[in-house]
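Asker: Before I ask anything, here is the structure I am working with.
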Amino acid sequence: MQLTTIGLDADDTLWHNERFFTLTQSRFAELLADHAEAEHLSERLLAAEHRNVGRYGFGIKGFVLSMIETAVEVTDGRVPGHVIGQIIAAGQEMLAHPIELLDGVQDTVEALADKHRLVLITKGDLLDQERKLAQSGLGELFDAVEIVSHKTPEAYARVFTRHGDGAAHALMAGNSMASDVVAPLNAGAWGVFVPHGLEWALERAPTPEGHPRFRRISTLADLPALIDDIESS
């Protein structure tokens with residue numbers, strides 16, 4: 001089995017991301033503490049994010065808009081202007097936060113780039129994802145970068161055809177079971193789950209246990225050895 005294309009997710013696969021959303025959500029709960037319990041506020045915010053993904057896409061900007069919408073809802077339209085200002089400021093801080101690679105990522109990406117066509121496949125706000133890739137120092141190691149609106153089987157099929165020999169000869173690795181594993185599996189590729197620890201609720205999906213092309217590794221550093229095993233089988 002020859003793999004011609006290796007796809008890698010970005011956020012929480014190559015660098016830290018979700019923890020900044022978690023910290024900002026805690027700050028959001030403090031700002032609205034007089035209007036809603038933290039657990040209830042979290043549920044309302046998640047519902048807003050779910051509604052708004054189709055409108056704003058994935059990323060920080062959509063998250064900020066969902067926080068503002070939730071603040072308006074839980075205060076019955078009486079949210080103070082300074083609270084809106086602090087929500088916006090929190091989003092701006094997220095957009096300006098420096099990139100921190102996960103352990104072992106640099107060496108692993110370099111090793112993968114030596115042997116395979118390497119494609120970064122991520123979703124979210126175009127400008128923010130481009131900023132993070134530029135700051136990561138990994139950009140030159142990728143043969144291509146694909147920033148998509150949604151990681152669907154159809155999107156993977158197009159990407160793997162454009163940058164290789166199709167999904168049958170491609171592998172995708174990432175920390176989202178829904179986006180980085182199930183979707184590429186449904187496209188006919190290999191799907192490798194690399195758990196991060198923090199998981200956004202909208203990215204959860206049942207584990208495809210028993211699927212012949214599903215694999216799980218502990219860290220991204222285990223991926224080169226896994227690819228060797230797949231190609232030698």
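By order of appearance in the structure tokens: chains A, B, ..., then residues from 1 within every chain, and ligands from 1 in the order shown.
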Where in stretch 53-132 of chain A does DSSP assign strand (DSSP E), given as a ChimeraX atom specification?

Answerer: /A:117-123

Asker: Write the residues of the preceding selection, restricted to C-alpha atoms, as a JSON list (two decimals), in the first residue's frame.

Answerer:
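What follows is the written file result.json:
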[["chain", "number", "residue", "atom", "x", "y", "z"],
["A", 117, "ARG", "CA", 3.58, 14.82, -0.47],
["A", 118, "LEU", "CA", 2.44, 16.75, 2.58],
["A", 119, "VAL", "CA", -0.77, 18.82, 2.61],
["A", 120, "LEU", "CA", -2.05, 20.99, 5.43],
["A", 121, "ILE", "CA", -5.84, 20.66, 5.50],
["A", 122, "THR", "CA", -7.60, 23.00, 7.90],
["A", 123, "LYS", "CA", -10.78, 24.98, 8.24]]

Asker: Name all residues at most 8 Å from A:Asn175 (count only C-alpha atoms; drop same-chain ones fewer than 2 positions away) and give them as a list in words.

Answerer: Asp9, Asp12, Thr13, Ala173, Met177, Asp180, Phe193, Val194, Pro195 and His196 of chain A

Asker: Kindly save the residues from that selection, with N, CA, C and O atoms included, as a CSV table (one decimal), in the first residue's frame.

Answerer:
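Writing the result to out05.csv gives the following:
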chain,number,residue,atom,x,y,z
A,9,ASP,N,-4.0,18.0,9.9
A,9,ASP,CA,-4.8,19.1,10.5
A,9,ASP,C,-3.9,20.1,11.1
A,9,ASP,O,-2.7,19.8,11.3
A,12,ASP,N,-4.6,22.3,17.2
A,12,ASP,CA,-4.5,21.2,18.2
A,12,ASP,C,-4.0,19.9,17.7
A,12,ASP,O,-4.0,18.9,18.4
A,13,THR,N,-3.4,19.9,16.5
A,13,THR,CA,-2.7,18.8,15.9
A,13,THR,C,-1.2,19.2,15.8
A,13,THR,O,-0.3,18.5,16.1
A,173,ALA,N,-4.5,12.9,9.2
A,173,ALA,CA,-4.3,12.8,10.7
A,173,ALA,C,-4.7,14.1,11.4
A,173,ALA,O,-4.4,15.1,10.9
A,177,MET,N,-12.3,13.8,15.7
A,177,MET,CA,-12.9,12.5,15.3
A,177,MET,C,-13.8,12.8,14.1
A,177,MET,O,-13.8,12.0,13.1
A,180,ASP,N,-11.4,15.0,11.1
A,180,ASP,CA,-10.1,14.5,10.6
A,180,ASP,C,-10.1,13.0,10.5
A,180,ASP,O,-9.1,12.4,10.0
A,193,PHE,N,-6.5,9.2,14.2
A,193,PHE,CA,-6.9,10.1,15.3
A,193,PHE,C,-5.7,10.3,16.2
A,193,PHE,O,-5.1,9.4,16.7
A,194,VAL,N,-5.4,11.6,16.5
A,194,VAL,CA,-4.4,12.0,17.3
A,194,VAL,C,-5.0,12.8,18.5
A,194,VAL,O,-5.2,14.0,18.3
A,195,PRO,N,-5.3,12.2,19.6
A,195,PRO,CA,-6.0,12.9,20.6
A,195,PRO,C,-5.2,14.1,21.2
A,195,PRO,O,-4.0,14.0,21.4
A,196,HIS,N,-5.9,15.2,21.5
A,196,HIS,CA,-5.3,16.3,22.1
A,196,HIS,C,-5.6,16.5,23.6
A,196,HIS,O,-4.7,17.0,24.3

Asker: Using Å and a single decimal, report how far atom CA of A:Gln86 sits from atom CA of A:His16.

Answerer: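 Between atom CA of A:His16 and atom CA of A:Gln86 the gap is 23.0 Å.
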
Asker: Looking at A:Thr70, A:Arg216, A:Arg204, A:Leu8, which one is nearest to A:Thr108, with distances taken over only C-alpha atoms?

Answerer: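 Distance minimum relative to A:Thr108 lands on A:Leu8.
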
Asker: Any idea what the distance is between atom CA of A:Val83 and atom CA of A:Leu31?

Answerer: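 About the pair atom CA of A:Val83 and atom CA of A:Leu31: they are 6.7 Å apart.
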
Asker: For stretch 2-78 of chain A against stretch 144-167 of chain A, with a cut-off of 8 Å and counting only C-alpha atoms, what is the closest atom pair and its distance in Å to one decimal for every residue that makes the cut, ordered by chain and number, as a Markdown table?

Answerer:
| residue | atom | partner | partner_atom | distance |
| --- | --- | --- | --- | --- |
| A:Thr4 | CA | A:Gly164 | CA | 6.0 |
| A:Thr5 | CA | A:Gly164 | CA | 5.7 |
| A:Gly57 | CA | A:Ser149 | CA | 6.4 |
| A:Phe58 | CA | A:Ser149 | CA | 7.4 |

Asker: Hey, which of A:Ile84, A:Asp114, A:Gly124, A:Leu14 ends up closest to A:Gly54? Count only C-alpha atoms.

Answerer: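 Looking only at the distances to A:Gly54, the closest residue turns out to be A:Gly124.
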